[in-house]
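Structure file target-v6.txt (compact mmCIF, C-alpha atoms) is printed below.
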# COMPACT_ATOMS: atom_id res chain seq x y z
CA ASP S 1 173.28 65.76 -103.84
CA THR S 2 174.14 63.89 -100.67
CA GLY S 3 175.19 60.63 -102.29
CA VAL S 4 173.85 57.13 -101.70
CA SER S 5 172.94 56.48 -98.08
CA GLN S 6 172.39 53.18 -96.28
CA ASP S 7 170.86 52.39 -92.94
CA PRO S 8 171.88 50.90 -90.60
CA ARG S 9 175.65 51.03 -91.01
CA HIS S 10 176.15 48.06 -88.73
CA LYS S 11 173.81 45.25 -87.68
CA ILE S 12 174.49 42.39 -85.31
CA THR S 13 171.83 39.73 -85.16
CA LYS S 14 171.38 36.20 -83.92
CA ARG S 15 171.04 33.32 -86.29
CA GLY S 16 167.44 32.77 -87.31
CA GLN S 17 166.37 36.40 -86.95
CA ASN S 18 165.11 38.56 -89.81
CA VAL S 19 166.89 41.76 -90.79
CA THR S 20 166.02 44.59 -93.15
CA PHE S 21 168.36 47.15 -94.70
CA ARG S 22 167.46 50.39 -96.39
CA CYS S 23 169.13 52.21 -99.28
CA ASP S 24 168.40 55.75 -100.44
CA PRO S 25 169.87 56.40 -103.90
CA ILE S 26 171.05 59.68 -105.32
CA SER S 27 167.92 61.65 -106.17
CA GLU S 28 166.70 61.16 -109.74
CA HIS S 29 168.83 58.06 -110.25
CA ASN S 30 166.42 55.53 -111.66
CA ARG S 31 168.66 52.47 -111.29
CA LEU S 32 169.47 50.92 -107.95
CA TYR S 33 171.71 47.93 -107.26
CA TRP S 34 172.49 45.62 -104.36
CA TYR S 35 175.81 43.83 -103.94
CA ARG S 36 177.30 41.67 -101.21
CA GLN S 37 180.96 41.68 -100.22
CA THR S 38 182.68 39.17 -97.95
CA LEU S 39 186.08 39.75 -96.38
CA GLY S 40 188.92 39.82 -98.89
CA GLN S 41 186.64 39.48 -101.90
CA GLY S 42 185.22 41.85 -104.47
CA PRO S 43 181.51 42.70 -104.33
CA GLU S 44 179.09 40.19 -105.86
CA PHE S 45 175.94 41.30 -107.63
CA LEU S 46 172.61 40.47 -105.99
CA THR S 47 169.90 42.38 -107.85
CA TYR S 48 168.99 45.65 -109.51
CA PHE S 49 165.97 47.84 -110.18
CA GLN S 50 164.93 50.19 -112.94
CA ASN S 51 162.54 52.48 -111.05
CA GLU S 52 160.27 50.03 -109.18
CA ALA S 53 160.85 47.08 -111.54
CA GLN S 54 163.31 44.40 -110.43
CA LEU S 55 165.14 43.63 -113.68
CA GLU S 56 167.70 41.01 -112.68
CA LYS S 57 168.39 38.72 -109.73
CA SER S 58 171.48 36.68 -109.01
CA ARG S 59 171.41 33.03 -108.05
CA LEU S 60 172.98 34.27 -104.80
CA LEU S 61 169.60 35.75 -103.92
CA SER S 62 168.06 32.71 -102.28
CA ASP S 63 164.43 32.41 -101.19
CA ARG S 64 165.41 33.94 -97.86
CA PHE S 65 166.35 37.21 -99.56
CA SER S 66 163.87 39.72 -100.91
CA ALA S 67 164.39 43.21 -102.27
CA GLU S 68 161.84 45.88 -103.02
CA ARG S 69 161.72 49.37 -104.40
CA PRO S 70 158.04 50.18 -104.00
CA LYS S 71 157.89 53.74 -105.31
CA GLY S 72 161.02 53.79 -107.38
CA SER S 73 162.91 55.76 -104.75
CA PHE S 74 164.42 54.00 -101.72
CA SER S 75 164.92 50.24 -101.61
CA THR S 76 164.88 47.61 -98.87
CA LEU S 77 166.71 44.31 -98.70
CA GLU S 78 165.31 41.76 -96.26
CA ILE S 79 167.01 38.58 -95.13
CA GLN S 80 164.82 36.05 -93.37
CA ARG S 81 166.08 33.36 -90.99
CA THR S 82 169.63 34.67 -91.10
CA GLU S 83 172.55 32.24 -91.20
CA GLN S 84 176.17 32.79 -90.25
CA GLY S 85 177.09 32.64 -93.93
CA ASP S 86 175.04 35.80 -94.47
CA SER S 87 177.64 37.82 -92.55
CA ALA S 88 179.00 40.31 -95.06
CA MET S 89 178.97 43.93 -96.15
CA TYR S 90 175.83 44.75 -98.13
CA LEU S 91 176.45 47.53 -100.62
CA CYS S 92 173.91 49.62 -102.48
CA ALA S 93 174.63 51.65 -105.61
CA SER S 94 172.67 53.87 -107.97
CA SER S 95 173.08 55.25 -111.46
CA PRO S 96 171.16 57.45 -113.92
CA GLY S 97 170.70 54.46 -116.23
CA GLY S 98 168.77 53.92 -119.45
CA PHE S 99 165.29 52.50 -119.84
CA LEU S 100 166.03 48.90 -120.75
CA ALA S 101 168.43 46.38 -119.25
CA GLY S 102 171.87 47.09 -120.65
CA ASP S 103 170.52 49.86 -122.88
CA GLY S 104 171.55 53.45 -123.25
CA PRO S 105 174.72 55.31 -122.36
CA SER S 106 177.15 53.68 -120.03
CA TYR S 107 176.84 55.33 -116.64
CA GLU S 108 178.95 55.00 -113.53
CA GLN S 109 177.52 53.26 -110.51
CA TYR S 110 177.83 55.28 -107.30
CA PHE S 111 178.09 53.28 -104.10
CA GLY S 112 176.90 53.92 -100.59
CA PRO S 113 178.92 53.26 -97.40
CA GLY S 114 177.46 49.78 -96.95
CA THR S 115 175.74 47.92 -94.12
CA ARG S 116 177.97 45.51 -92.20
CA LEU S 117 175.95 42.46 -91.08
CA THR S 118 177.26 40.10 -88.42
CA VAL S 119 175.25 36.98 -87.66
CA THR S 120 176.18 35.32 -84.37
CA LYS N 1 181.36 32.91 -117.62
CA GLN N 2 183.19 36.20 -117.18
CA GLU N 3 186.00 36.12 -114.64
CA VAL N 4 187.99 39.14 -113.48
CA THR N 5 191.45 38.80 -111.97
CA GLN N 6 193.65 41.44 -110.37
CA ILE N 7 197.38 41.20 -109.94
CA PRO N 8 199.13 41.75 -107.62
CA ALA N 9 196.85 40.98 -104.67
CA ALA N 10 198.90 43.30 -102.47
CA LEU N 11 201.55 45.94 -103.03
CA SER N 12 203.66 47.99 -100.64
CA VAL N 13 205.73 50.87 -102.01
CA PRO N 14 207.52 53.99 -100.79
CA GLU N 15 205.98 57.36 -101.39
CA GLY N 16 206.70 58.91 -104.79
CA GLU N 17 206.78 55.74 -106.84
CA ASN N 18 204.78 55.32 -110.03
CA LEU N 19 202.54 52.25 -109.87
CA VAL N 20 200.76 49.93 -112.27
CA LEU N 21 197.83 47.81 -111.13
CA ASN N 22 196.58 45.10 -113.46
CA CYS N 23 193.11 43.78 -114.22
CA SER N 24 192.35 40.97 -116.64
CA PHE N 25 189.03 39.57 -117.83
CA THR N 26 188.21 36.42 -119.73
CA ASP N 27 185.43 37.63 -122.05
CA SER N 28 186.42 40.59 -124.25
CA ALA N 29 182.78 41.46 -125.07
CA ILE N 30 182.49 44.06 -122.34
CA TYR N 31 180.36 47.20 -122.35
CA ASN N 32 182.64 49.16 -120.04
CA LEU N 33 185.20 48.80 -117.26
CA GLN N 34 185.24 50.76 -114.04
CA TRP N 35 187.99 51.25 -111.47
CA PHE N 36 187.09 51.82 -107.81
CA ARG N 37 188.88 52.62 -104.61
CA GLN N 38 187.79 51.12 -101.27
CA ASP N 39 189.08 52.25 -97.89
CA PRO N 40 188.93 49.69 -95.03
CA GLY N 41 185.38 49.05 -93.88
CA LYS N 42 183.97 51.60 -96.32
CA GLY N 43 181.99 51.68 -99.54
CA LEU N 44 183.42 52.08 -103.02
CA THR N 45 184.51 55.32 -104.65
CA SER N 46 184.44 55.40 -108.45
CA LEU N 47 187.75 56.51 -109.95
CA LEU N 48 187.45 56.06 -113.70
CA LEU N 49 185.07 54.52 -116.21
CA ILE N 50 186.30 53.42 -119.64
CA GLN N 51 183.75 52.75 -122.37
CA SER N 52 184.40 49.74 -124.60
CA SER N 53 185.18 52.08 -127.50
CA GLN N 54 187.84 53.98 -125.53
CA ARG N 55 191.50 53.16 -124.98
CA GLU N 56 192.16 55.21 -121.86
CA GLN N 57 190.84 57.68 -119.32
CA THR N 58 192.71 60.11 -117.11
CA SER N 59 191.86 61.84 -113.88
CA GLY N 60 194.58 63.76 -112.08
CA ARG N 61 197.39 61.35 -111.19
CA LEU N 62 195.37 58.36 -112.38
CA ASN N 63 195.36 56.90 -115.86
CA ALA N 64 193.45 53.79 -116.85
CA SER N 65 193.93 51.96 -120.13
CA LEU N 66 191.82 49.28 -121.79
CA ASP N 67 192.84 46.63 -124.30
CA LYS N 68 189.75 44.57 -125.02
CA SER N 69 191.42 42.21 -127.46
CA SER N 70 193.85 41.01 -124.82
CA GLY N 71 191.33 41.24 -121.98
CA ARG N 72 193.37 43.68 -119.93
CA SER N 73 193.14 47.00 -118.17
CA THR N 74 195.82 48.81 -116.21
CA LEU N 75 195.52 51.56 -113.64
CA TYR N 76 198.57 53.79 -113.51
CA ILE N 77 199.11 55.90 -110.39
CA ALA N 78 201.73 58.60 -110.73
CA ALA N 79 203.80 59.89 -107.81
CA SER N 80 202.07 57.78 -105.19
CA GLN N 81 201.19 59.28 -101.79
CA PRO N 82 200.33 57.70 -98.42
CA GLY N 83 196.74 58.87 -98.96
CA ASP N 84 196.54 56.51 -101.95
CA SER N 85 196.67 53.54 -99.56
CA ALA N 86 193.48 51.55 -100.14
CA THR N 87 192.14 48.55 -102.03
CA TYR N 88 191.67 49.11 -105.75
CA LEU N 89 188.97 47.14 -107.53
CA CYS N 90 188.20 46.80 -111.20
CA ALA N 91 184.79 45.76 -112.50
CA VAL N 92 183.42 44.98 -115.94
CA ARG N 93 179.93 45.37 -117.30
CA LEU N 94 178.74 43.09 -120.06
CA PHE N 95 176.19 43.82 -122.78
CA ASN N 96 172.50 43.23 -121.99
CA THR N 97 173.00 43.53 -118.26
CA ASP N 98 173.71 46.34 -115.85
CA LYS N 99 175.49 44.31 -113.20
CA LEU N 100 179.17 44.76 -112.52
CA ILE N 101 181.52 41.78 -112.18
CA PHE N 102 184.36 42.61 -109.81
CA GLY N 103 187.88 41.38 -109.34
CA THR N 104 189.19 40.59 -105.86
CA GLY N 105 191.20 43.79 -105.70
CA THR N 106 194.76 44.97 -105.14
CA ARG N 107 195.54 46.13 -101.61
CA LEU N 108 197.95 49.05 -101.87
CA GLN N 109 200.04 50.50 -99.09
CA VAL N 110 202.16 53.59 -99.70
CA PHE N 111 204.56 54.35 -96.86
CA PRO N 112 206.28 57.69 -96.17

In structure tokens, write the structure found in this file.
Amino acid sequence: DTGVSQDPRHKITKRGQNVTFRCDPISEHNRLYWYRQTLGQGPEFLTYFQNEAQLEKSRLLSDRFSAERPKGSFSTLEIQRTEQGDSAMYLCASSPGGFLAGDGPSYEQYFGPGTRLTVT
Amino acid sequence: KQEVTQIPAALSVPEGENLVLNCSFTDSAIYNLQWFRQDPGKGLTSLLLIQSSQREQTSGRLNASLDKSSGRSTLYIAASQPGDSATYLCAVRLFNTDKLIFGTGTRLQVFP
């Protein structure tokens, strides 16, 4: 068990460019989450998956954001036409969750190291 | 709308002190509460998870309590050490969702 991994760890991009981040959850964790954290704030929820199904999306996830988990393993988060306000730490987490949203035992979420995005 | 507040925002103490960090939430209908530690520029490390039916959890020098009726949780750190210096975040999970709602954190510095 190597923990949740994220790639890249740092990304600097120019405004208007597209970026894609990858998250590899702990093996056999069927739930995967994306959060965004700006400086001095706590993380804010973006979206989460149960296997390949995207179960919930935040209003923060504008049309420029898209997340996928095509085979129920790794996930990607893409931001199109980046803006300076997108600069933040993007955190991924996983858990061995239940089968329905909010169902089942209450598991911990395990976080990865994050991807720091800077939009210039 | 659930809001999570942490007090104090920052704390600086000498090594060896016992500490209490506070977390309050506005909606008592929570499923669980989780405490995390975050080192500068890093991801989050889970410290303790308290189910809604529990009153406290302990791990080593850490003890977390939960009082749902008053909308409060406290994280007690015994005999603080410089290695405890980090930001401590609490997060609540509501029923019918798996997302966590975080507070803004308490930045702790323990000096020798």

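For chain N, the residues having at least one atom no farther than 9 Å from chain S, when counting only C-alpha atoms, are Tyr31, Asn32, Gln34, Gly41, Lys42, Gly43, Leu44, Thr45, Ser46, Leu48, Leu49, Gln51, Leu89, Cys90, Ala91, Arg93, Leu94, Phe95, Asn96, Thr97, Asp98, Lys99, Leu100, Ile101, Phe102, Gly103, Thr104 and Gly105 of chain N.
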
Could you give me, as a PyMOL selection string, the residues within 12 Å of Leu117 (chain S), counting all atoms listed in the file and dropping anything in the same chain fewer than 5 positions from it?
(chain S and resi 7-15+18-21+36-39+78-79+82-91) or (chain N and resi 41)

CA of Pro8 (chain N) and CA of Arg61 (chain N) are how many Å apart?
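The value is 20.0 Å.
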
In Å, how far is it from CA of Arg72 (chain N) to CA of Asp27 (chain N)?
10.2 Å

CA of Ala9 (chain N) sits from CA of Ser65 (chain N) at a separation of 19.2 Å
